[in-house]
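Engineer: Quick one: the structure is below, and I'll ask about it shortly.
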Amino acid sequence: PLSAAIRLKRTNLTAIEGLWQAESILGRYDEAVNLARMRLRFDVSPTAYVAMARSLLRATGRPPGAGPEAQRDACVAAIGYLAQAVAVDRYDCTALEMLLDCYVRLGEAELAAAARAELMLRYVRLRKEWLGIKNDPGRPRLQRALAFNNLAWLAATSRASLFRDDTEAMLDALKAVELAKD
């Protein structure tokens, strides 16, 4: 059905993204890369850049047994897309984390250090903003629920141990669910 939707309307981003996800899950990475490229023709957004980079990085090592050169080439190709996503969205941490990984894999110590420092700044800024929303009873419930959810994700998935707290993540997630029930 997704392929048919794309044939009917080549700019159907929902169908393109859905098919991209399906191809990625099924391990058909070349197809996923092509779909990510198609998406970028119609959607120049941080999410589309990250999808393209993710596709390139997942395609690494295919066929099984491909050497470290393939991983290096994938990182080199992904860096441009990730850098664009980072530049466009000052809140995006996913693209910055992926960019940091690429720099580390490539042995680019100075670039990795700069990306790590920027990531810490983003974590601090985001946490401060979300805490402000979380603690403001005058905010709409769904805004507060989103802030609790975002804080839960930060506490559960942060690469920086300073922000990592499984107990806080669980409590914030439960509060997000409670606030979003209605």
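Identifiers in this document derive from the order of the structure tokens: chains are assigned A, B, ..., residues are numbered from 1 separately in each chain, and ligands are numbered from 1 in order of occurrence.
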Name all residues at most 6 Å from range 143-145 of chain A (count only C-alpha atoms; drop same-chain ones fewer than 2 positions away) and give them as a list in words.
Structural biologist: Ile133, Lys134, Pro140, Arg141, Ala147, Phe148, Ala176, Leu179 and Ala180 of chain A
Engineer: Determine, counting only C-alpha atoms, which protein, DNA and RNA residues have an atom within 12 Å of an atom of range 94-111 of chain A; residues of the same chain fewer than 5 positions away are not included. Present the result as a ChimeraX atom specification.
Structural biologist: /A:45-54,56-58,68-89,116-123,153-154,157-160
Engineer: Rounded to one decimal in Å, what is the spacing between CA of Ala169 in chain A and CA of Ala156 in chain A?
Structural biologist: 5.4 Å
Engineer: Apply DSSP to the backbone of this structure and, from range 77-121 of chain A, keep only the residues in helix (DSSP H, G or I); write these as a PyMOL selection string.
Structural biologist: chain A and resi 77-88+94-106+109-121
Engineer: Please, what distance in Å, to one decimal, runs between CA of Trp130 in chain A and CA of Glu168 in chain A?
Structural biologist: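 The value is 13.8 Å.
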Engineer: Find, counting only C-alpha atoms, the residue in A:Leu35, A:Val44, A:Glu129, A:Ala152 that gets nearest to Asp166 in chain A.
Structural biologist: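 Looking only at the distances to Asp166 in chain A, the closest residue turns out to be A:Ala152.
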